[in-house]
Amino acid sequence: MASAARRRIAAPAAAAPLPALPDEILESIFLLLDDPADLARAASACTCFRRVATARPFLRRFGSLHGPPPLLGLLFGGPDGFRAADPPHRSAKAARALARAADFTFSFLPNHQQGGGGGGGGWAVRDARDGRVLLSRPVSAAAAFDDLMVCDPLHRRCVRVPSVPNELVASIPLRDRNFVTPFLAPAAAAEDDNEPPAFSVIRTCQLGNNKVVAFFFGSGSGSWHAATPYMSLSTLPTGCIGFQRYYARGCFHWMISSTSSLVLDTREMKFSTISLPPIDGLPHRAIFERGEGRLGLIAFGDGGWPFRRICEIWQQNSGVVVTQDWQLYKTIPLPGYSDGMDIQGEDDSYLLLRPIQASDYIELLRPRQYFVLDLKTLLFEGIFSIDVGYRARFGHLYVSFPPPLAPPSI
């Protein structure tokens, strides 16, 4: 009995709880994770980890160190909805988590009705960027422009974009309003780290006589402005401003010929053109940002003879873009059995590519896999294991941090 009492007295006291790690230490640990999916799992461990990992300043640091947020899938209008990346793509798990958590039917929109063009009630998906989605809806046959709505499908929030003022609308002849294209510009940094970054909407319109005009809306100012001056070009393919556009160094680019690009500077709100290098046999091209203030150009073949199963990477030598300023930086073999690549979608950091095969017979025998090219690492990665068909060209790449990392964007 006395021995038992001595054992009870000698038993050590319970260990004191360890002090919580300072936020600075946690941030340093989390920055060592090189995959947003690992960061998301860490953020799910406890409320303290989540608070640190989801803070906007930290996510900016994480993105600058490890590259852009992951490409999670392809967003369509109508009943197709969201197509998550397929395994073994590294973002497949995060993409499935997003598909479960987000509302890509946009049932939270005002006057939502099932069966509309992308979001119900006549809303159609027009663009996606920074986790936001831009939708439009016709007002009437007499209206100059459609209604616009910017949505956050993960947090089920939306903001209606005001109408373009009448004095700006009057600058576009009624006959030319068939080539109006709305899209989102990259988000601007918020003054308050607790507030979502401001968003910008741009409407471009291709007029007659080879002219283009653009209108800008900023959520910070809450007003529309026109880009000046109008750009008059010797040749401008019909509808080219409504097709693929590429963003680099604060500017949007459209390919208007084999050796020139139309440029819209979003800082000065004006148009210009730049010269591109002549590249034989690789007609499918995209402009991207190479870093150090330079532009990059990537070119693919179209599968025609002679076969060129490569892509070429060109870059600027300096900040002044002239034909002589470009140099060939790198040549990369195409993945798989590809005889060429068709650009199906684009983001600031990624290209969605459909492989082209010269033989229809071989093409039928082999399941077509769509690829993504990371424009920072210049590495190909399969993203869809089955053919998404012609719809891919009308889809929008959805790039964002996965749940639970993505804070509200609106």
# chains A, B, ... in the order shown; residues from 1 in each chain; ligands from 1
>>> select_by_dssp(residues="region 149-249 of chain A", states="strand (DSSP E or B)", output="NGL selection string")
:A and (149-152 or 157-161 or 180-188 or 198-207 or 211-218 or 223-226 or 231-232 or 246-248)
>>> closest_residue(among="A:Gly296, A:Pro110, A:Pro153, A:Gly303", to="Lys330 (chain A)", atoms="only C-alpha atoms")
A:Gly296
>>> select_by_dssp(residues="region 5-231 of chain A", states="alpha helix (DSSP H)", output="PyMOL selection string")
chain A and resi 5-10+23-30+36-43+47-53+56-66+92-101+166-169
>>> residues_around(residues="region 338-353 of chain A", least_positions_apart="4", cutoff="8 Å", atoms="only C-alpha atoms", output="mmCIF file with N, CA, C and O atoms, in the first residue's frame")
data_model
loop_
_atom_site.group_PDB
_atom_site.id
_atom_site.type_symbol
_atom_site.label_atom_id
_atom_site.label_comp_id
_atom_site.auth_asym_id
_atom_site.auth_seq_id
_atom_site.Cartn_x
_atom_site.Cartn_y
_atom_site.Cartn_z
ATOM 1 N N PRO A 68 2.010 29.997 -60.837
ATOM 2 C CA PRO A 68 0.598 30.381 -60.768
ATOM 3 C C PRO A 68 -0.242 29.324 -60.071
ATOM 4 O O PRO A 68 0.208 28.190 -59.869
ATOM 5 N N LEU A 71 -4.115 24.785 -62.775
ATOM 6 C CA LEU A 71 -5.182 24.685 -63.767
ATOM 7 C C LEU A 71 -6.090 23.531 -63.356
ATOM 8 O O LEU A 71 -5.663 22.375 -63.311
ATOM 9 N N GLN A 244 -9.104 33.944 -80.078
ATOM 10 C CA GLN A 244 -8.082 33.760 -79.056
ATOM 11 C C GLN A 244 -7.276 35.030 -78.820
ATOM 12 O O GLN A 244 -6.882 35.715 -79.758
ATOM 13 N N ARG A 245 -7.040 35.322 -77.554
ATOM 14 C CA ARG A 245 -6.235 36.473 -77.148
ATOM 15 C C ARG A 245 -5.238 35.995 -76.094
ATOM 16 O O ARG A 245 -5.512 35.062 -75.334
ATOM 17 N N TYR A 246 -4.122 36.659 -76.043
ATOM 18 C CA TYR A 246 -3.047 36.255 -75.151
ATOM 19 C C TYR A 246 -2.606 37.463 -74.332
ATOM 20 O O TYR A 246 -2.484 38.570 -74.861
ATOM 21 N N TYR A 247 -2.373 37.242 -73.038
ATOM 22 C CA TYR A 247 -2.036 38.336 -72.136
ATOM 23 C C TYR A 247 -0.576 38.231 -71.714
ATOM 24 O O TYR A 247 -0.112 37.166 -71.287
ATOM 25 N N ALA A 248 0.159 39.333 -71.842
ATOM 26 C CA ALA A 248 1.554 39.376 -71.418
ATOM 27 C C ALA A 248 1.972 40.821 -71.198
ATOM 28 O O ALA A 248 1.610 41.710 -71.984
ATOM 29 N N HIS A 284 0.407 27.845 -86.044
ATOM 30 C CA HIS A 284 -0.376 28.052 -84.824
ATOM 31 C C HIS A 284 0.522 28.668 -83.757
ATOM 32 O O HIS A 284 1.484 28.038 -83.295
ATOM 33 N N ARG A 285 0.188 29.900 -83.335
ATOM 34 C CA ARG A 285 1.113 30.665 -82.496
ATOM 35 C C ARG A 285 0.409 31.322 -81.321
ATOM 36 O O ARG A 285 -0.783 31.621 -81.380
ATOM 37 N N PHE A 288 3.314 34.956 -75.044
ATOM 38 C CA PHE A 288 3.287 34.817 -73.599
ATOM 39 C C PHE A 288 4.429 35.628 -73.014
ATOM 40 O O PHE A 288 5.243 36.212 -73.735
ATOM 41 N N GLU A 289 4.498 35.675 -71.676
ATOM 42 C CA GLU A 289 5.508 36.466 -70.998
ATOM 43 C C GLU A 289 6.683 35.584 -70.619
ATOM 44 O O GLU A 289 6.517 34.582 -69.917
ATOM 45 N N PHE A 300 3.446 26.220 -83.283
ATOM 46 C CA PHE A 300 3.197 24.800 -83.512
ATOM 47 C C PHE A 300 2.863 24.566 -84.982
ATOM 48 O O PHE A 300 2.330 25.451 -85.664
ATOM 49 N N GLY A 301 3.104 23.347 -85.449
ATOM 50 C CA GLY A 301 2.683 22.950 -86.777
ATOM 51 C C GLY A 301 1.211 22.596 -86.807
ATOM 52 O O GLY A 301 0.572 22.376 -85.772
ATOM 53 N N ASP A 302 0.643 22.536 -88.035
ATOM 54 C CA ASP A 302 -0.780 22.226 -88.200
ATOM 55 C C ASP A 302 -1.016 20.800 -88.675
ATOM 56 O O ASP A 302 -2.129 20.446 -89.079
ATOM 57 N N GLY A 303 0.005 19.957 -88.633
ATOM 58 C CA GLY A 303 -0.136 18.575 -89.052
ATOM 59 C C GLY A 303 0.031 18.347 -90.538
ATOM 60 O O GLY A 303 -0.073 17.209 -91.007
ATOM 61 N N GLY A 304 0.272 19.423 -91.301
ATOM 62 C CA GLY A 304 0.429 19.282 -92.743
ATOM 63 C C GLY A 304 1.849 18.900 -93.128
ATOM 64 O O GLY A 304 2.789 18.997 -92.336
ATOM 65 N N PHE A 307 5.920 17.236 -92.144
ATOM 66 C CA PHE A 307 5.626 17.166 -90.724
ATOM 67 C C PHE A 307 6.736 17.831 -89.913
ATOM 68 O O PHE A 307 7.919 17.600 -90.149
ATOM 69 N N ARG A 308 6.341 18.678 -88.975
ATOM 70 C CA ARG A 308 7.292 19.276 -88.040
ATOM 71 C C ARG A 308 6.784 18.966 -86.638
ATOM 72 O O ARG A 308 5.939 19.679 -86.098
ATOM 73 N N ARG A 309 7.242 17.869 -86.084
ATOM 74 C CA ARG A 309 6.746 17.381 -84.801
ATOM 75 C C ARG A 309 7.471 18.062 -83.638
ATOM 76 O O ARG A 309 7.963 17.410 -82.711
ATOM 77 N N ILE A 310 7.549 19.376 -83.737
ATOM 78 C CA ILE A 310 8.217 20.187 -82.724
ATOM 79 C C ILE A 310 7.411 21.461 -82.494
ATOM 80 O O ILE A 310 6.505 21.779 -83.268
ATOM 81 N N LEU A 334 7.111 17.498 -79.734
ATOM 82 C CA LEU A 334 5.722 17.368 -79.316
ATOM 83 C C LEU A 334 5.508 16.027 -78.624
ATOM 84 O O LEU A 334 6.154 15.035 -78.963
ATOM 85 N N GLN A 357 -3.109 14.780 -85.709
ATOM 86 C CA GLN A 357 -2.465 13.621 -86.313
ATOM 87 C C GLN A 357 -2.807 13.593 -87.794
ATOM 88 O O GLN A 357 -3.975 13.741 -88.183
ATOM 89 N N ALA A 358 -1.800 13.411 -88.620
ATOM 90 C CA ALA A 358 -1.990 13.530 -90.057
ATOM 91 C C ALA A 358 -2.889 12.440 -90.611
ATOM 92 O O ALA A 358 -3.662 12.667 -91.540
ATOM 93 N N TYR A 370 -5.896 15.488 -74.604
ATOM 94 C CA TYR A 370 -5.582 16.907 -74.649
ATOM 95 C C TYR A 370 -4.436 17.193 -73.695
ATOM 96 O O TYR A 370 -4.312 16.565 -72.638
ATOM 97 N N PHE A 371 -3.592 18.158 -74.093
ATOM 98 C CA PHE A 371 -2.419 18.493 -73.305
ATOM 99 C C PHE A 371 -2.494 19.937 -72.829
ATOM 100 O O PHE A 371 -3.162 20.779 -73.434
ATOM 101 N N VAL A 372 -1.775 20.191 -71.749
ATOM 102 C CA VAL A 372 -1.557 21.546 -71.251
ATOM 103 C C VAL A 372 -0.063 21.824 -71.316
ATOM 104 O O VAL A 372 0.749 20.966 -70.954
ATOM 105 N N LEU A 373 0.287 23.006 -71.808
ATOM 106 C CA LEU A 373 1.677 23.447 -71.793
ATOM 107 C C LEU A 373 1.816 24.525 -70.732
ATOM 108 O O LEU A 373 1.148 25.565 -70.807
ATOM 109 N N ASP A 374 2.652 24.261 -69.734
ATOM 110 C CA ASP A 374 2.959 25.253 -68.713
ATOM 111 C C ASP A 374 3.949 26.244 -69.319
ATOM 112 O O ASP A 374 5.071 25.878 -69.678
ATOM 113 N N LEU A 375 3.553 27.506 -69.449
ATOM 114 C CA LEU A 375 4.373 28.490 -70.136
ATOM 115 C C LEU A 375 5.559 28.973 -69.308
ATOM 116 O O LEU A 375 6.435 29.669 -69.831
ATOM 117 N N LYS A 376 5.612 28.594 -68.049
ATOM 118 C CA LYS A 376 6.775 28.928 -67.230
ATOM 119 C C LYS A 376 7.833 27.837 -67.341
ATOM 120 O O LYS A 376 9.018 28.118 -67.544
ATOM 121 N N ALA A 392 -14.117 22.101 -76.693
ATOM 122 C CA ALA A 392 -12.965 22.650 -75.978
ATOM 123 C C ALA A 392 -12.628 24.048 -76.466
ATOM 124 O O ALA A 392 -12.220 24.904 -75.682
ATOM 125 N N ARG A 393 -12.788 24.297 -77.751
ATOM 126 C CA ARG A 393 -12.465 25.613 -78.294
ATOM 127 C C ARG A 393 -13.379 26.691 -77.722
ATOM 128 O O ARG A 393 -13.018 27.871 -77.685
ATOM 129 N N PHE A 394 -14.569 26.295 -77.277
ATOM 130 C CA PHE A 394 -15.512 27.267 -76.726
ATOM 131 C C PHE A 394 -15.549 27.234 -75.205
ATOM 132 O O PHE A 394 -16.386 27.882 -74.588
ATOM 133 N N GLY A 395 -14.628 26.476 -74.605
ATOM 134 C CA GLY A 395 -14.521 26.453 -73.156
ATOM 135 C C GLY A 395 -13.543 27.508 -72.659
ATOM 136 O O GLY A 395 -12.886 28.203 -73.434
ATOM 137 N N HIS A 396 -13.446 27.607 -71.348
ATOM 138 C CA HIS A 396 -12.577 28.603 -70.720
ATOM 139 C C HIS A 396 -11.769 27.908 -69.629
ATOM 140 O O HIS A 396 -12.342 27.261 -68.744
ATOM 141 N N LEU A 397 -10.463 28.039 -69.679
ATOM 142 C CA LEU A 397 -9.616 27.440 -68.664
ATOM 143 C C LEU A 397 -9.917 28.067 -67.301
ATOM 144 O O LEU A 397 -9.997 29.289 -67.168
#
>>> residues_around(residues="Asp103 (chain A)", least_positions_apart="6", cutoff="12 Å", atoms="only C-alpha atoms", output="MDAnalysis selection string")
chainID A and resid 75 81:82 97 109 118:119 133 151:158
>>> write_last_selection(atoms="C-alpha atoms", output="compact mmCIF listing (two decimals), in the first residue's frame")
# COMPACT_ATOMS: atom_id res chain seq x y z
CA LEU A 75 -15.56 25.67 -67.96
CA GLY A 81 -20.75 22.89 -66.97
CA PHE A 82 -17.31 22.23 -65.53
CA ALA A 97 -12.87 19.05 -54.87
CA LEU A 109 -27.82 34.33 -60.06
CA GLY A 118 -24.74 28.47 -68.94
CA GLY A 119 -26.26 30.00 -65.83
CA VAL A 133 -16.47 33.89 -64.22
CA CYS A 151 -19.50 35.61 -60.45
CA ASP A 152 -17.55 33.65 -57.86
CA PRO A 153 -18.93 30.10 -58.29
CA LEU A 154 -17.07 28.70 -55.27
CA HIS A 155 -18.49 31.21 -52.76
CA ARG A 156 -21.73 31.79 -54.73
CA ARG A 157 -21.37 35.53 -55.06
CA CYS A 158 -22.11 37.78 -58.01
>>> closest_atom_pairs(of="region 251-329 of chain A", to="region 240-243 of chain A", cutoff="8 Å", atoms="only C-alpha atoms", output="JSON lines")
{"residue": "A:Trp254", "atom": "CA", "partner": "A:Ile241", "partner_atom": "CA", "distance": 6.6}
{"residue": "A:Met255", "atom": "CA", "partner": "A:Cys240", "partner_atom": "CA", "distance": 7.8}
{"residue": "A:Ile256", "atom": "CA", "partner": "A:Cys240", "partner_atom": "CA", "distance": 7.0}
>>> write_last_selection(atoms="N, CA, C and O atoms", output="CSV table (one decimal), in the first residue's frame")
chain,number,residue,atom,x,y,z
A,254,TRP,N,-3.7,39.8,-80.1
A,254,TRP,CA,-4.4,39.0,-81.1
A,254,TRP,C,-3.6,38.8,-82.3
A,254,TRP,O,-3.0,39.8,-82.8
A,255,MET,N,-3.5,37.6,-82.8
A,255,MET,CA,-2.7,37.4,-84.0
A,255,MET,C,-3.6,37.8,-85.2
A,255,MET,O,-4.7,37.3,-85.5
A,256,ILE,N,-3.1,38.8,-86.0
A,256,ILE,CA,-3.9,39.3,-87.1
A,256,ILE,C,-3.2,39.0,-88.4
A,256,ILE,O,-3.8,39.2,-89.5
>>> atom_distance(atom1="CA of Gly220 (chain A)", atom2="CA of Asp193 (chain A)")
14.6 Å
>>> atom_distance(atom1="CA of Val212 (chain A)", atom2="CA of Pro162 (chain A)")
22.0 Å
>>> residues_around(residues="Ala299 (chain A)", least_positions_apart="4", cutoff="8 Å", atoms="only C-alpha atoms", output="list in words")
Ile279, Leu282, Pro283, His284, Arg285, Ala286, Cys311, Glu312 and Ile313 of chain A
>>> closest_atom_pairs(of="region 195-295 of chain A", to="region 48-66 of chain A", cutoff="12 Å", atoms="only C-alpha atoms", output="JSON lines")
{"residue": "A:Glu195", "atom": "CA", "partner": "A:Arg56", "partner_atom": "CA", "distance": 8.8}
{"residue": "A:Pro196", "atom": "CA", "partner": "A:Arg56", "partner_atom": "CA", "distance": 8.6}
{"residue": "A:Pro197", "atom": "CA", "partner": "A:Arg56", "partner_atom": "CA", "distance": 9.5}
>>> write_last_selection(atoms="N, CA and C atoms", output="mmCIF file, in the first residue's frame")
data_model
loop_
_atom_site.group_PDB
_atom_site.id
_atom_site.type_symbol
_atom_site.label_atom_id
_atom_site.label_comp_id
_atom_site.auth_asym_id
_atom_site.auth_seq_id
_atom_site.Cartn_x
_atom_site.Cartn_y
_atom_site.Cartn_z
ATOM 1 N N GLU A 195 -9.669 42.516 -48.394
ATOM 2 C CA GLU A 195 -10.671 42.689 -49.433
ATOM 3 C C GLU A 195 -10.256 41.948 -50.706
ATOM 4 N N PRO A 196 -11.222 41.438 -51.480
ATOM 5 C CA PRO A 196 -10.883 40.799 -52.756
ATOM 6 C C PRO A 196 -10.253 41.800 -53.718
ATOM 7 N N PRO A 197 -9.349 41.348 -54.578
ATOM 8 C CA PRO A 197 -8.756 42.252 -55.571
ATOM 9 C C PRO A 197 -9.822 42.817 -56.494
#
>>> residues_around(residues="Val164 (chain A)", least_positions_apart="5", cutoff="10 Å", atoms="only C-alpha atoms", output="CSV table (one decimal) with all heavy atoms, in the first residue's frame")
chain,number,residue,atom,x,y,z
A,144,ALA,N,-27.6,48.0,-77.2
A,144,ALA,CA,-26.3,48.0,-77.8
A,144,ALA,C,-25.4,46.8,-77.3
A,144,ALA,O,-24.7,46.1,-78.1
A,144,ALA,CB,-25.6,49.3,-77.4
A,145,PHE,N,-25.5,46.5,-76.0
A,145,PHE,CA,-24.7,45.5,-75.4
A,145,PHE,C,-25.5,44.6,-74.5
A,145,PHE,O,-26.5,45.0,-74.0
A,145,PHE,CB,-23.5,46.1,-74.6
A,145,PHE,CG,-22.6,47.0,-75.4
A,145,PHE,CD1,-22.4,48.3,-75.0
A,145,PHE,CD2,-21.9,46.5,-76.5
A,145,PHE,CE1,-21.5,49.1,-75.7
A,145,PHE,CE2,-21.1,47.3,-77.2
A,145,PHE,CZ,-20.9,48.6,-76.8
A,146,ASP,N,-25.0,43.4,-74.3
A,146,ASP,CA,-25.6,42.5,-73.3
A,146,ASP,C,-25.4,42.9,-71.9
A,146,ASP,O,-24.5,43.7,-71.6
A,146,ASP,CB,-25.0,41.1,-73.5
A,146,ASP,CG,-25.4,40.4,-74.8
A,146,ASP,OD1,-26.3,41.0,-75.5
A,146,ASP,OD2,-24.8,39.4,-75.1
A,147,ASP,N,-26.2,42.4,-71.0
A,147,ASP,CA,-26.0,42.6,-69.5
A,147,ASP,C,-24.8,41.7,-69.2
A,147,ASP,O,-24.6,40.6,-69.8
A,147,ASP,CB,-27.2,42.1,-68.7
A,147,ASP,CG,-28.2,43.2,-68.6
A,147,ASP,OD1,-27.9,44.4,-68.9
A,147,ASP,OD2,-29.3,42.9,-68.1
A,169,VAL,N,-21.8,54.3,-76.1
A,169,VAL,CA,-22.5,53.4,-77.0
A,169,VAL,C,-22.7,54.1,-78.3
A,169,VAL,O,-22.6,53.5,-79.4
A,169,VAL,CB,-23.8,53.0,-76.4
A,169,VAL,CG1,-24.7,52.3,-77.4
A,169,VAL,CG2,-23.6,52.2,-75.1
A,203,ARG,N,-14.6,45.3,-73.1
A,203,ARG,CA,-15.4,45.0,-74.3
A,203,ARG,C,-14.7,45.4,-75.5
A,203,ARG,O,-14.4,46.6,-75.6
A,203,ARG,CB,-16.8,45.6,-74.2
A,203,ARG,CG,-17.8,45.2,-73.2
A,203,ARG,CD,-19.1,45.9,-73.4
A,203,ARG,NE,-20.0,45.9,-72.3
A,203,ARG,CZ,-21.1,45.1,-72.2
A,203,ARG,NH1,-21.3,44.3,-73.2
A,203,ARG,NH2,-21.9,45.1,-71.2
A,215,PHE,N,-13.7,49.2,-74.6
A,215,PHE,CA,-14.2,49.9,-73.4
A,215,PHE,C,-13.8,49.1,-72.2
A,215,PHE,O,-13.8,47.9,-72.1
A,215,PHE,CB,-15.8,50.0,-73.4
A,215,PHE,CG,-16.3,50.7,-74.6
A,215,PHE,CD1,-17.2,50.0,-75.5
A,215,PHE,CD2,-16.0,52.0,-74.9
A,215,PHE,CE1,-17.7,50.6,-76.6
A,215,PHE,CE2,-16.6,52.6,-76.0
A,215,PHE,CZ,-17.4,51.9,-76.9
A,216,PHE,N,-13.4,49.9,-71.1
A,216,PHE,CA,-12.8,49.3,-69.9
A,216,PHE,C,-13.8,49.6,-68.8
A,216,PHE,O,-14.2,50.8,-68.6
A,216,PHE,CB,-11.5,49.9,-69.6
A,216,PHE,CG,-10.4,49.5,-70.5
A,216,PHE,CD1,-10.2,50.0,-71.7
A,216,PHE,CD2,-9.4,48.5,-70.0
A,216,PHE,CE1,-9.2,49.6,-72.6
A,216,PHE,CE2,-8.4,48.2,-70.9
A,216,PHE,CZ,-8.3,48.7,-72.1
A,217,PHE,N,-14.0,48.6,-67.9
A,217,PHE,CA,-14.8,48.9,-66.6
A,217,PHE,C,-13.9,48.4,-65.5
A,217,PHE,O,-13.4,47.2,-65.5
A,217,PHE,CB,-16.1,48.1,-66.6
A,217,PHE,CG,-16.8,48.2,-65.3
A,217,PHE,CD1,-17.5,49.3,-64.9
A,217,PHE,CD2,-16.7,47.1,-64.4
A,217,PHE,CE1,-18.1,49.4,-63.6
A,217,PHE,CE2,-17.3,47.2,-63.1
A,217,PHE,CZ,-18.0,48.3,-62.7
A,223,SER,N,-16.8,52.7,-63.1
A,223,SER,CA,-17.2,53.4,-64.3
A,223,SER,C,-16.5,52.8,-65.6
A,223,SER,O,-15.5,52.1,-65.5
A,223,SER,CB,-16.8,54.9,-64.2
A,223,SER,OG,-15.4,55.1,-64.0
A,224,TRP,N,-17.1,53.1,-66.7
A,224,TRP,CA,-16.6,52.7,-68.0
A,224,TRP,C,-15.7,53.8,-68.7
A,224,TRP,O,-16.0,55.0,-68.5
A,224,TRP,CB,-17.7,52.3,-69.0
A,224,TRP,CG,-18.4,51.0,-68.7
A,224,TRP,CD1,-19.5,50.8,-67.9
A,224,TRP,CD2,-18.0,49.7,-69.2
A,224,TRP,NE1,-19.8,49.5,-67.9
A,224,TRP,CE2,-19.0,48.8,-68.6
A,224,TRP,CE3,-17.0,49.3,-70.0
A,224,TRP,CZ2,-18.9,47.5,-68.9
A,224,TRP,CZ3,-16.9,47.9,-70.2
A,224,TRP,CH2,-17.8,47.0,-69.7
A,225,HIS,N,-14.7,53.4,-69.4
A,225,HIS,CA,-13.9,54.3,-70.2
A,225,HIS,C,-13.6,53.7,-71.5
A,225,HIS,O,-13.5,52.5,-71.7
A,225,HIS,CB,-12.6,54.7,-69.5
A,225,HIS,CG,-12.7,55.2,-68.1
A,225,HIS,ND1,-13.0,56.6,-67.9
A,225,HIS,CD2,-12.7,54.6,-66.9
A,225,HIS,CE1,-13.1,56.8,-66.6
A,225,HIS,NE2,-13.0,55.6,-65.9
A,226,ALA,N,-13.3,54.6,-72.5
A,226,ALA,CA,-13.0,54.1,-73.9
A,226,ALA,C,-11.5,54.1,-74.1
A,226,ALA,O,-10.9,55.1,-73.6
A,226,ALA,CB,-13.7,54.9,-74.9
>>> residues_around(residues="Phe271 (chain A)", least_positions_apart="2", cutoff="12 Å", atoms="only C-alpha atoms", output="count of residues only")
29
>>> atom_distance(atom1="CA of Ile410 (chain A)", atom2="CA of Pro182 (chain A)")
18.4 Å
>>> decode(residues="region 323-336 of chain A", atoms="C-alpha atoms", output="tab-separated table (two decimals), in the first residue's frame")
chain	number	residue	atom	x	y	z
A	323	THR	CA	11.27	41.71	-86.42
A	324	GLN	CA	15.05	41.75	-85.89
A	325	ASP	CA	14.59	41.72	-82.11
A	326	TRP	CA	13.38	38.10	-81.94
A	327	GLN	CA	15.63	35.09	-81.55
A	328	LEU	CA	14.96	31.36	-81.44
A	329	TYR	CA	15.34	30.27	-77.83
A	330	LYS	CA	14.40	26.61	-77.76
A	331	THR	CA	12.93	23.74	-79.80
A	332	ILE	CA	10.73	21.19	-78.01
A	333	PRO	CA	9.49	17.84	-79.39
A	334	LEU	CA	5.72	17.37	-79.32
A	335	PRO	CA	4.36	14.71	-76.96
A	336	GLY	CA	2.84	11.42	-78.05
